[in-house]
file entry-v2.tsv (TSV, C-alpha atoms and all ligand atoms)
chain	number	residue	atom	x	y	z
A	1	MET	CA	-11.20	45.20	-116.74
A	2	VAL	CA	-13.68	46.22	-119.44
A	3	GLY	CA	-14.95	49.74	-118.85
A	4	ASP	CA	-16.18	49.68	-115.25
A	5	VAL	CA	-16.50	45.90	-115.27
A	6	SER	CA	-13.76	43.97	-113.51
A	7	LEU	CA	-13.93	40.21	-114.02
A	8	VAL	CA	-12.36	37.05	-112.64
A	9	LEU	CA	-11.75	34.40	-115.28
A	10	THR	CA	-11.73	30.86	-113.92
A	11	PHE	CA	-10.54	27.72	-115.67
A	12	ALA	CA	-11.78	24.44	-114.19
A	13	ASP	CA	-12.62	21.00	-115.52
A	14	SER	CA	-16.19	22.22	-115.99
A	15	GLY	CA	-14.92	24.87	-118.40
A	16	ALA	CA	-13.91	28.54	-118.51
A	17	ARG	CA	-16.10	31.16	-116.87
A	18	ALA	CA	-16.17	34.93	-116.48
A	19	LEU	CA	-17.33	36.02	-113.02
A	20	ALA	CA	-17.81	39.51	-111.64
A	21	ASN	CA	-14.83	40.48	-109.46
A	22	THR	CA	-17.30	41.71	-106.85
A	23	CYS	CA	-17.98	39.93	-103.57
A	24	ARG	CA	-21.66	39.23	-102.92
A	25	HIS	CA	-21.22	40.41	-99.32
A	26	ARG	CA	-20.07	44.05	-99.43
A	27	GLY	CA	-18.85	44.39	-103.00
A	28	HIS	CA	-15.14	44.23	-102.23
A	29	GLU	CA	-12.94	43.12	-105.13
A	30	LEU	CA	-11.94	39.46	-104.84
A	31	LEU	CA	-8.63	39.83	-106.68
A	32	PRO	CA	-6.69	43.05	-107.29
A	33	ASP	CA	-7.67	44.27	-110.75
A	34	GLY	CA	-5.41	42.45	-113.19
A	35	GLY	CA	-4.29	40.03	-110.49
A	36	ALA	CA	-3.97	36.28	-110.87
A	37	SER	CA	-4.27	33.26	-108.63
A	38	THR	CA	-3.70	29.54	-109.03
A	39	ARG	CA	-5.89	28.62	-106.05
A	40	ARG	CA	-8.97	26.39	-106.32
A	41	ALA	CA	-11.10	28.82	-104.32
A	42	ILE	CA	-11.50	32.58	-104.36
A	43	THR	CA	-11.55	34.21	-100.92
A	44	CYS	CA	-12.55	37.82	-100.50
A	45	PRO	CA	-9.80	39.66	-98.58
A	46	TYR	CA	-12.38	41.82	-96.76
A	47	HIS	CA	-14.61	39.38	-94.78
A	48	ALA	CA	-13.34	36.04	-96.13
A	49	TRP	CA	-16.42	34.98	-98.07
A	50	SER	CA	-15.14	32.17	-100.30
A	51	TYR	CA	-16.29	30.92	-103.69
A	52	ASP	CA	-15.39	27.92	-105.80
A	53	LEU	CA	-14.31	28.29	-109.44
A	54	SER	CA	-17.92	28.02	-110.62
A	55	GLY	CA	-18.75	31.06	-108.49
A	56	ALA	CA	-20.72	29.17	-105.81
A	57	LEU	CA	-20.40	30.55	-102.28
A	58	ILE	CA	-18.70	27.88	-100.14
A	59	ALA	CA	-17.93	29.80	-96.94
A	60	ALA	CA	-19.38	32.87	-95.24
A	61	PRO	CA	-17.77	33.23	-91.79
A	62	GLY	CA	-20.19	34.28	-89.09
A	63	PHE	CA	-23.30	33.17	-90.95
A	64	THR	CA	-23.39	29.52	-89.84
A	65	GLU	CA	-25.73	30.35	-86.98
A	66	VAL	CA	-28.02	32.54	-89.14
A	67	ALA	CA	-30.89	30.18	-89.89
A	68	THR	CA	-32.33	32.31	-92.66
A	69	PHE	CA	-29.05	32.50	-94.57
A	70	ALA	CA	-28.74	30.23	-97.62
A	71	ALA	CA	-25.35	30.28	-99.38
A	72	ALA	CA	-26.99	29.13	-102.61
A	73	GLY	CA	-28.56	32.56	-102.88
A	74	TYR	CA	-25.20	34.35	-103.19
A	75	PRO	CA	-23.17	33.02	-106.10
A	76	LEU	CA	-20.83	35.38	-107.92
A	77	VAL	CA	-22.52	37.01	-110.87
A	78	GLU	CA	-21.49	35.21	-114.06
A	79	VAL	CA	-21.44	37.04	-117.38
A	80	PRO	CA	-21.89	35.29	-120.74
A	81	SER	CA	-18.70	33.97	-122.29
A	82	ALA	CA	-17.75	31.75	-125.21
A	83	THR	CA	-14.72	29.87	-126.46
A	84	TRP	CA	-14.37	30.04	-130.24
A	85	HIS	CA	-11.48	28.38	-132.08
A	86	GLY	CA	-9.26	28.83	-129.02
A	87	TRP	CA	-10.16	32.44	-128.26
A	88	PHE	CA	-12.13	33.29	-125.13
A	89	PHE	CA	-14.78	35.99	-125.47
A	90	VAL	CA	-16.59	37.73	-122.63
A	91	ASN	CA	-19.83	39.71	-122.82
A	92	ALA	CA	-18.62	41.95	-120.00
A	93	THR	CA	-21.68	44.15	-119.60
A	94	GLY	CA	-24.07	41.26	-120.27
A	95	THR	CA	-25.84	43.42	-122.87
A	96	ALA	CA	-24.22	42.18	-126.09
A	97	ALA	CA	-25.98	39.99	-128.65
A	98	PRO	CA	-25.85	36.18	-128.33
A	99	PHE	CA	-22.40	34.98	-129.40
A	100	ASP	CA	-23.64	33.06	-132.47
A	101	ALA	CA	-25.28	36.21	-133.82
A	102	HIS	CA	-22.12	38.20	-133.09
A	103	ILE	CA	-19.95	35.74	-135.06
A	104	GLY	CA	-22.51	35.16	-137.83
A	105	GLY	CA	-20.89	34.04	-141.09
A	106	LEU	CA	-17.33	34.49	-139.83
A	107	ASP	CA	-17.19	30.91	-138.62
A	108	GLU	CA	-17.34	29.43	-142.11
A	109	LEU	CA	-14.26	31.47	-143.10
A	110	VAL	CA	-12.18	30.83	-139.95
A	111	ALA	CA	-13.11	27.20	-139.17
A	112	PRO	CA	-11.09	25.68	-142.08
A	113	TYR	CA	-7.89	27.08	-140.51
A	114	ALA	CA	-8.69	25.38	-137.16
A	115	PRO	CA	-6.85	28.10	-135.19
A	116	GLU	CA	-7.44	26.12	-131.98
A	117	SER	CA	-5.05	23.46	-133.31
A	118	LEU	CA	-2.24	25.92	-134.13
A	119	VAL	CA	0.68	26.85	-131.89
A	120	ARG	CA	1.72	30.41	-131.08
A	121	ARG	CA	5.37	30.74	-132.03
A	122	ALA	CA	5.79	34.52	-131.77
A	123	ARG	CA	4.24	37.48	-130.00
A	124	HIS	CA	5.03	41.19	-130.26
A	125	THR	CA	3.39	44.04	-128.40
A	126	TYR	CA	3.19	47.63	-129.54
A	127	GLU	CA	1.90	50.88	-128.10
A	128	VAL	CA	0.49	53.15	-130.78
A	129	SER	CA	-0.41	56.82	-130.32
A	130	ALA	CA	-3.70	56.51	-132.15
A	131	ASN	CA	-7.29	55.62	-131.37
A	132	TRP	CA	-8.03	51.88	-131.66
A	133	LYS	CA	-10.67	52.48	-134.34
A	134	LEU	CA	-8.09	54.13	-136.61
A	135	VAL	CA	-6.00	50.96	-136.38
A	136	VAL	CA	-8.99	48.96	-137.61
A	137	GLU	CA	-9.71	51.46	-140.40
A	138	ASN	CA	-6.12	51.15	-141.57
A	139	TYR	CA	-6.36	47.33	-141.48
A	140	HIS	CA	-9.39	47.25	-143.75
A	141	GLU	CA	-8.01	48.99	-146.81
A	142	CYS	CA	-5.04	48.65	-149.13
A	143	TYR	CA	-5.53	52.01	-150.86
A	144	HIS	CA	-2.47	53.08	-148.86
A	145	CYS	CA	-0.37	50.00	-149.70
A	146	PRO	CA	1.43	51.33	-152.82
A	147	LEU	CA	2.57	54.37	-150.84
A	148	ILE	CA	3.76	52.92	-147.56
A	149	HIS	CA	4.11	49.13	-148.05
A	150	PRO	CA	6.57	48.48	-150.92
A	151	GLU	CA	7.46	45.04	-149.52
A	152	LEU	CA	3.81	44.00	-149.23
A	153	CYS	CA	3.03	45.03	-152.80
A	154	VAL	CA	5.71	42.63	-154.12
A	155	VAL	CA	3.96	39.59	-152.65
A	156	SER	CA	0.29	40.69	-152.81
A	157	PRO	CA	-1.19	43.00	-155.48
A	158	PRO	CA	-2.85	45.83	-153.53
A	159	THR	CA	-5.78	45.97	-155.96
A	160	SER	CA	-6.58	42.26	-155.53
A	161	GLY	CA	-9.33	40.76	-153.46
A	162	ASP	CA	-12.89	41.36	-152.43
A	163	ASN	CA	-14.78	42.09	-149.27
A	164	TYR	CA	-17.37	39.78	-147.77
A	165	ASP	CA	-20.94	40.69	-147.01
A	166	LEU	CA	-22.03	38.00	-144.57
A	167	PRO	CA	-23.96	38.21	-141.27
A	168	GLY	CA	-22.19	39.03	-138.02
A	169	ALA	CA	-20.39	41.82	-136.20
A	170	TRP	CA	-17.31	41.76	-138.39
A	171	VAL	CA	-15.85	43.24	-141.54
A	172	GLY	CA	-13.31	41.70	-143.87
A	173	GLY	CA	-12.15	40.39	-147.18
A	174	SER	CA	-9.45	38.40	-148.89
A	175	MET	CA	-6.46	39.37	-151.01
A	176	ASP	CA	-4.49	37.34	-153.51
A	177	LEU	CA	-0.85	36.39	-153.28
A	178	ALA	CA	1.29	37.41	-156.24
A	179	GLU	CA	2.38	34.78	-158.74
A	180	GLY	CA	5.34	32.94	-157.28
A	181	ALA	CA	4.51	33.93	-153.67
A	182	VAL	CA	3.15	31.23	-151.38
A	183	THR	CA	2.70	33.46	-148.33
A	184	MET	CA	3.24	36.94	-146.93
A	185	SER	CA	6.97	37.16	-146.29
A	186	ILE	CA	9.72	39.36	-147.66
A	187	SER	CA	10.66	36.74	-150.27
A	188	GLY	CA	7.16	35.31	-150.72
A	189	GLU	CA	8.52	31.96	-149.56
A	190	SER	CA	7.38	29.99	-146.53
A	191	ALA	CA	9.53	28.32	-143.90
A	192	GLY	CA	6.46	26.62	-142.46
A	193	VAL	CA	3.98	24.00	-143.62
A	194	PRO	CA	0.57	24.62	-145.19
A	195	ILE	CA	-2.36	24.67	-142.80
A	196	PRO	CA	-4.72	21.85	-143.81
A	197	GLY	CA	-7.92	23.52	-144.97
A	198	ALA	CA	-6.28	26.89	-145.76
A	199	ARG	CA	-6.97	28.57	-149.08
A	200	PRO	CA	-3.79	28.48	-151.21
A	201	GLY	CA	-2.97	31.77	-152.89
A	202	LYS	CA	-5.23	33.79	-150.58
A	203	VAL	CA	-4.92	35.77	-147.38
A	204	GLU	CA	-8.06	36.48	-145.33
A	205	TYR	CA	-8.22	39.79	-143.45
A	206	LEU	CA	-11.05	39.57	-140.92
A	207	GLY	CA	-11.85	42.14	-138.25
A	208	LEU	CA	-14.20	40.94	-135.51
A	209	PHE	CA	-15.81	43.70	-133.47
A	210	PRO	CA	-14.54	45.08	-131.27
A	211	ASN	CA	-10.85	44.31	-131.04
A	212	LEU	CA	-9.64	41.14	-132.80
A	213	LEU	CA	-8.10	41.16	-136.27
A	214	ILE	CA	-7.52	37.72	-137.79
A	215	SER	CA	-5.18	37.45	-140.78
A	216	ALA	CA	-5.28	33.89	-142.13
A	217	HIS	CA	-2.43	32.93	-144.47
A	218	PRO	CA	-1.88	29.59	-146.22
A	219	ASP	CA	0.76	28.64	-143.61
A	220	TYR	CA	0.09	30.79	-140.51
A	221	VAL	CA	-2.61	32.75	-138.76
A	222	MET	CA	-1.73	36.16	-137.35
A	223	THR	CA	-3.88	38.12	-134.93
A	224	HIS	CA	-3.89	41.66	-133.65
A	225	ARG	CA	-5.62	42.19	-130.31
A	226	MET	CA	-6.17	45.80	-129.38
A	227	VAL	CA	-6.72	47.31	-125.96
A	228	PRO	CA	-7.53	51.03	-125.79
A	229	LEU	CA	-5.35	52.81	-123.21
A	230	ALA	CA	-6.73	56.28	-123.87
A	231	ALA	CA	-8.67	58.03	-126.63
A	232	ASP	CA	-5.41	58.47	-128.51
A	233	ARG	CA	-3.38	55.47	-127.35
A	234	THR	CA	-3.75	51.75	-128.07
A	235	TRP	CA	-1.89	48.67	-126.87
A	236	ILE	CA	-1.65	46.01	-129.56
A	237	GLU	CA	-0.63	42.38	-129.20
A	238	CYS	CA	0.37	40.69	-132.46
A	239	SER	CA	0.55	36.87	-132.38
A	240	TRP	CA	1.67	34.37	-135.02
A	241	TYR	CA	0.25	30.81	-135.00
A	242	PHE	CA	1.57	27.84	-136.99
A	243	ALA	CA	0.70	24.22	-137.67
A	244	ASP	CA	4.31	23.19	-137.08
A	245	ALA	CA	5.24	23.68	-133.42
A	246	ALA	CA	8.97	23.65	-134.28
A	247	VAL	CA	8.88	26.21	-137.09
A	248	ASP	CA	11.21	29.21	-137.12
A	249	PRO	CA	8.58	31.96	-137.32
A	250	SER	CA	10.99	34.74	-138.27
A	251	TYR	CA	10.01	34.80	-141.96
A	252	ALA	CA	6.45	35.79	-140.99
A	253	VAL	CA	7.40	37.96	-138.03
A	254	GLU	CA	9.99	39.96	-139.95
A	255	PHE	CA	7.50	40.76	-142.71
A	256	TRP	CA	4.60	41.77	-140.48
A	257	ASP	CA	6.66	43.62	-137.88
A	258	LEU	CA	7.91	45.84	-140.70
A	259	THR	CA	4.39	46.23	-142.11
A	260	ASN	CA	2.91	46.86	-138.66
A	261	LYS	CA	5.37	49.67	-137.99
A	262	GLN	CA	4.62	51.24	-141.37
A	263	ASP	CA	0.92	51.13	-140.47
A	264	TRP	CA	1.38	52.48	-136.95
A	265	GLY	CA	3.26	55.47	-138.37
A	266	ALA	CA	0.31	56.20	-140.67
A	267	CYS	CA	-2.25	55.78	-137.88
A	268	GLU	CA	-0.31	58.12	-135.59
A	269	SER	CA	-0.10	60.73	-138.34
A	270	VAL	CA	-3.86	60.49	-138.92
A	271	GLN	CA	-4.45	60.84	-135.18
A	272	ARG	CA	-2.40	64.06	-135.14
A	273	GLY	CA	-4.26	65.34	-138.21
A	274	LEU	CA	-7.65	64.58	-136.71
A	275	ARG	CA	-6.73	66.63	-133.67
A	276	SER	CA	-6.37	69.74	-135.84
A	277	PRO	CA	-9.28	72.19	-135.71
A	278	HIS	CA	-8.96	72.29	-139.49
A	279	PHE	CA	-9.76	68.59	-140.03
A	280	ARG	CA	-12.78	68.03	-142.27
A	281	PRO	CA	-14.13	64.54	-143.13
A	282	GLY	CA	-13.34	63.40	-146.68
A	283	PRO	CA	-14.95	60.82	-149.00
A	284	PHE	CA	-14.16	57.11	-149.10
A	285	ALA	CA	-12.67	55.70	-152.31
A	286	PRO	CA	-14.43	52.66	-153.84
A	287	ASN	CA	-11.67	50.40	-152.50
A	288	GLU	CA	-12.33	51.65	-148.96
A	289	ASP	CA	-15.73	49.96	-148.83
A	290	ALA	CA	-14.74	47.81	-145.85
A	291	VAL	CA	-13.73	50.95	-143.93
A	292	HIS	CA	-17.14	52.37	-144.75
A	293	GLN	CA	-18.76	49.20	-143.38
A	294	TRP	CA	-16.67	49.47	-140.22
A	295	VAL	CA	-17.36	53.14	-139.47
A	296	THR	CA	-21.05	52.55	-140.23
A	297	MET	CA	-21.08	49.73	-137.66
A	298	ILE	CA	-19.38	52.00	-135.13
A	299	GLY	CA	-21.64	54.97	-135.85
A	300	ARG	CA	-24.78	52.84	-135.53
A	301	GLY	CA	-23.34	51.30	-132.36
A	302	TYR	CA	-23.05	54.73	-130.78
A	303	GLN	CA	-26.75	55.11	-131.58
A	304	GLY	CA	-27.56	51.89	-129.72
A	305	VAL	CA	-27.73	49.45	-132.65
A	306	ALA	CA	-26.03	46.10	-131.98
A	307	PRO	CA	-22.97	45.71	-134.24
A	308	HIS	CA	-24.23	42.53	-135.94
A	309	VAL	CA	-27.47	44.21	-137.05
A	310	ARG	CA	-27.43	45.33	-140.70
A	311	ASP	CA	-30.05	47.13	-142.72
B	1	FE	FE	-1.17	49.01	-144.12
call {"tool": "encode", "arguments": {"input": "entry-v2.tsv", "output": "structure tokens"}}
result
Amino acid sequence: MVGDVSLVLTFADSGARALANTCRHRGHELLPDGGASTRRAITCPYHAWSYDLSGALIAAPGFTEVATFAAAGYPLVEVPSATWHGWFFVNATGTAAPFDAHIGGLDELVAPYAPESLVRRARHTYEVSANWKLVVENYHECYHCPLIHPELCVVSPPTSGDNYDLPGAWVGGSMDLAEGAVTMSISGESAGVPIPGARPGKVEYLGLFPNLLISAHPDYVMTHRMVPLAADRTWIECSWYFADAAVDPSYAVEFWDLTNKQDWGACESVQRGLRSPHFRPGPFAPNEDAVHQWVTMIGRGYQGVAPHVRD
């Protein structure tokens, strides 16, 4: 479900597709919203119109004797989708920019890590009492790091790094690892193996509009995927991906679970503060330039400008 758009995702030999969960007969939902099926055909529970996994209509009971009826005229509506480094993206409303324009220059930063070749070894979910955009704002600055992330500051100087200014609907930058640290972990040590193609000594923090944060480390890639539950509540899935399928991921999970919870506490406090009638917007510090880029993208988006379009 994306807004008012309910979709059926199908996975067949011909590839993955996103189809409207709306029967071409009377509009009945094909699957309960959020439901799943392992069947090779999708049958509407209302009048039994059936579709194959490409969305083609293969049965319409009662229409066989209707000479003017052509099943080819009633496929499920397909919306644009794309698979990128293992992630599946759906243009749910059909109104977003072409996927290549949406990704822009992000591919050259993510491709060397070959996330599609990595194995997910850990997954945590969180529910945060804050708007999803506040979570992204928090992600894109380390101004707050010396105050709430003492463990992070040991392995990565909070003043290090630079932000990128490349095409695409994303914001991000890199930070340096401290001398003696090979990754982001409590000790700075890694229990994994380097990802071929990763940048040693660097961590990339990349936020793809709208809801995927990609943190690429020398030895693992971590993602945050956000789903808004309400204006002030967000579900977040944090995943850790490694080159070594047998690795014990706890060194990375322990570090980021701690850091995540420190961040969620800050986001929830900001959410409460924003609710006050006495909140007034304040200025961005120079090292909050990525947050400025992000809120500018959002503000322009509310005015109808596609998120990949820059001045
Ligand atoms: Fe933080």
call {"tool": "residues_around", "arguments": {"input": "entry-v2.tsv", "residues": "Ala230 in chain A", "least_positions_apart": "6", "cutoff": "10 Å", "atoms": "only C-alpha atoms", "output": "list in words"}}
result
Ser129, Ala130, Asn131 and Trp132 of chain A
call {"tool": "atom_distance", "arguments": {"input": "entry-v2.tsv", "atom1": "CA of Ala71 in chain A", "atom2": "CA of Leu57 in chain A"}}
result
5.7 Å
call {"tool": "closest_residue", "arguments": {"input": "entry-v2.tsv", "among": "A:Pro146, A:Pro277, A:Gly55, A:Pro286", "to": "Asn163 in chain A", "atoms": "all atoms listed in the file"}}
result
A:Pro286
call {"tool": "residues_near_ligand", "arguments": {"input": "entry-v2.tsv", "ligand": "ligand FE 1 (chain B)", "cutoff": "8 Å", "atoms": "only C-alpha atoms and all ligand atoms", "output": "number ranges by chain"}}
result
A: 138-139, 141-142, 144-145, 148-149, 259-260, 262-263
call {"tool": "atom_distance", "arguments": {"input": "entry-v2.tsv", "atom1": "CA of Gly304 in chain A", "atom2": "CA of Leu9 in chain A"}}
result
27.6 Å
call {"tool": "atom_distance", "arguments": {"input": "entry-v2.tsv", "atom1": "CA of Tyr74 in chain A", "atom2": "CA of Arg24 in chain A"}}
result
6.0 Å
call {"tool": "residues_near_point", "arguments": {"input": "entry-v2.tsv", "point": "(-22.3, 35.1, -127.0)", "cutoff": "10 Å", "atoms": "all atoms listed in the file", "output": "PyMOL selection string"}}
result
chain A and resi 79-84+89-91+94-103
call {"tool": "closest_residue", "arguments": {"input": "entry-v2.tsv", "among": "A:Val135, A:Val2, A:Leu31, A:Ala48", "to": "Ser269 in chain A", "atoms": "only C-alpha atoms"}}
result
A:Val135
call {"tool": "residues_around", "arguments": {"input": "entry-v2.tsv", "residues": "range 110-112 of chain A", "least_positions_apart": "5", "cutoff": "8 Å", "atoms": "all atoms listed in the file", "output": "list of chain:residue names"}}
result
A:His85, A:Pro196, A:Gly197, A:Ala198, A:Ala216
call {"tool": "decode", "arguments": {"input": "entry-v2.tsv", "residues": "range 120-131 of chain A", "atoms": "all heavy atoms", "output": "CSV table (one decimal), in the first residue's frame"}}
result
chain,number,residue,atom,x,y,z
A,120,ARG,N,22.1,-10.6,3.7
A,120,ARG,CA,21.6,-10.0,4.9
A,120,ARG,C,21.8,-10.9,6.1
A,120,ARG,O,21.3,-12.0,6.1
A,120,ARG,CB,20.1,-9.6,4.8
A,120,ARG,CG,19.6,-8.9,6.1
A,120,ARG,CD,18.4,-8.1,5.8
A,120,ARG,NE,17.2,-8.9,5.7
A,120,ARG,CZ,16.0,-8.4,5.5
A,120,ARG,NH1,15.8,-7.1,5.5
A,120,ARG,NH2,15.0,-9.3,5.4
A,121,ARG,N,22.5,-10.5,7.1
A,121,ARG,CA,22.8,-11.3,8.3
A,121,ARG,C,22.1,-10.8,9.5
A,121,ARG,O,22.2,-11.5,10.5
A,121,ARG,CB,24.3,-11.4,8.5
A,121,ARG,CG,25.1,-12.1,7.4
A,121,ARG,CD,24.9,-13.6,7.4
A,121,ARG,NE,25.5,-14.1,8.7
A,121,ARG,CZ,25.0,-15.1,9.4
A,121,ARG,NH1,23.8,-15.6,9.1
A,121,ARG,NH2,25.6,-15.5,10.5
A,122,ALA,N,21.5,-9.6,9.4
A,122,ALA,CA,20.8,-9.2,10.6
A,122,ALA,C,19.7,-8.1,10.2
A,122,ALA,O,19.9,-7.5,9.2
A,122,ALA,CB,21.7,-8.5,11.6
A,123,ARG,N,18.6,-8.1,11.0
A,123,ARG,CA,17.5,-7.2,10.7
A,123,ARG,C,16.9,-6.8,12.0
A,123,ARG,O,16.6,-7.7,12.8
A,123,ARG,CB,16.5,-7.9,9.8
A,123,ARG,CG,15.2,-7.1,9.5
A,123,ARG,CD,14.3,-8.0,8.7
A,123,ARG,NE,13.1,-7.4,8.4
A,123,ARG,CZ,12.0,-7.5,9.2
A,123,ARG,NH1,12.0,-8.2,10.2
A,123,ARG,NH2,10.9,-6.9,8.8
A,124,HIS,N,16.7,-5.5,12.2
A,124,HIS,CA,16.0,-5.0,13.4
A,124,HIS,C,14.9,-4.1,12.9
A,124,HIS,O,15.1,-3.4,11.9
A,124,HIS,CB,16.9,-4.2,14.3
A,124,HIS,CG,17.8,-5.0,15.2
A,124,HIS,ND1,18.4,-4.5,16.4
A,124,HIS,CD2,18.3,-6.3,15.1
A,124,HIS,CE1,19.1,-5.4,17.0
A,124,HIS,NE2,19.1,-6.5,16.2
A,125,THR,N,13.8,-4.1,13.6
A,125,THR,CA,12.8,-3.1,13.3
A,125,THR,C,12.5,-2.3,14.6
A,125,THR,O,12.7,-2.7,15.7
A,125,THR,CB,11.4,-3.8,12.9
A,125,THR,OG1,11.0,-4.6,13.9
A,125,THR,CG2,11.6,-4.6,11.6
A,126,TYR,N,12.1,-1.0,14.3
A,126,TYR,CA,11.9,-0.1,15.3
A,126,TYR,C,10.6,0.7,15.0
A,126,TYR,O,10.2,0.8,13.8
A,126,TYR,CB,13.0,1.0,15.4
A,126,TYR,CG,14.4,0.4,15.5
A,126,TYR,CD1,15.2,0.1,14.4
A,126,TYR,CD2,15.0,0.3,16.7
A,126,TYR,CE1,16.5,-0.4,14.5
A,126,TYR,CE2,16.3,-0.2,16.9
A,126,TYR,CZ,17.0,-0.5,15.7
A,126,TYR,OH,18.3,-1.0,15.8
A,127,GLU,N,9.9,1.2,16.0
A,127,GLU,CA,8.8,2.1,15.8
A,127,GLU,C,9.2,3.4,16.6
A,127,GLU,O,9.4,3.3,17.8
A,127,GLU,CB,7.5,1.5,16.3
A,127,GLU,CG,6.3,2.2,15.6
A,127,GLU,CD,5.0,1.5,16.0
A,127,GLU,OE1,4.9,0.3,15.8
A,127,GLU,OE2,4.1,2.2,16.4
A,128,VAL,N,9.3,4.5,15.8
A,128,VAL,CA,9.8,5.7,16.4
A,128,VAL,C,8.6,6.7,16.4
A,128,VAL,O,7.9,6.9,15.4
A,128,VAL,CB,10.9,6.3,15.5
A,128,VAL,CG1,11.5,7.6,16.1
A,128,VAL,CG2,12.0,5.2,15.5
A,129,SER,N,8.5,7.5,17.5
A,129,SER,CA,7.4,8.5,17.6
A,129,SER,C,7.9,9.8,17.0
A,129,SER,O,8.1,10.8,17.8
A,129,SER,CB,6.9,8.6,19.1
A,129,SER,OG,6.4,7.4,19.5
A,130,ALA,N,8.1,9.8,15.8
A,130,ALA,CA,8.6,11.0,15.1
A,130,ALA,C,8.2,10.9,13.6
A,130,ALA,O,8.1,9.7,13.1
A,130,ALA,CB,10.1,11.2,15.2
A,131,ASN,N,8.1,12.0,12.9
A,131,ASN,CA,7.8,12.0,11.5
A,131,ASN,C,9.0,11.4,10.7
A,131,ASN,O,10.2,11.7,11.1
A,131,ASN,CB,7.5,13.5,11.1
A,131,ASN,CG,7.2,13.6,9.6
A,131,ASN,OD1,8.0,13.6,8.7
A,131,ASN,ND2,5.9,13.6,9.4
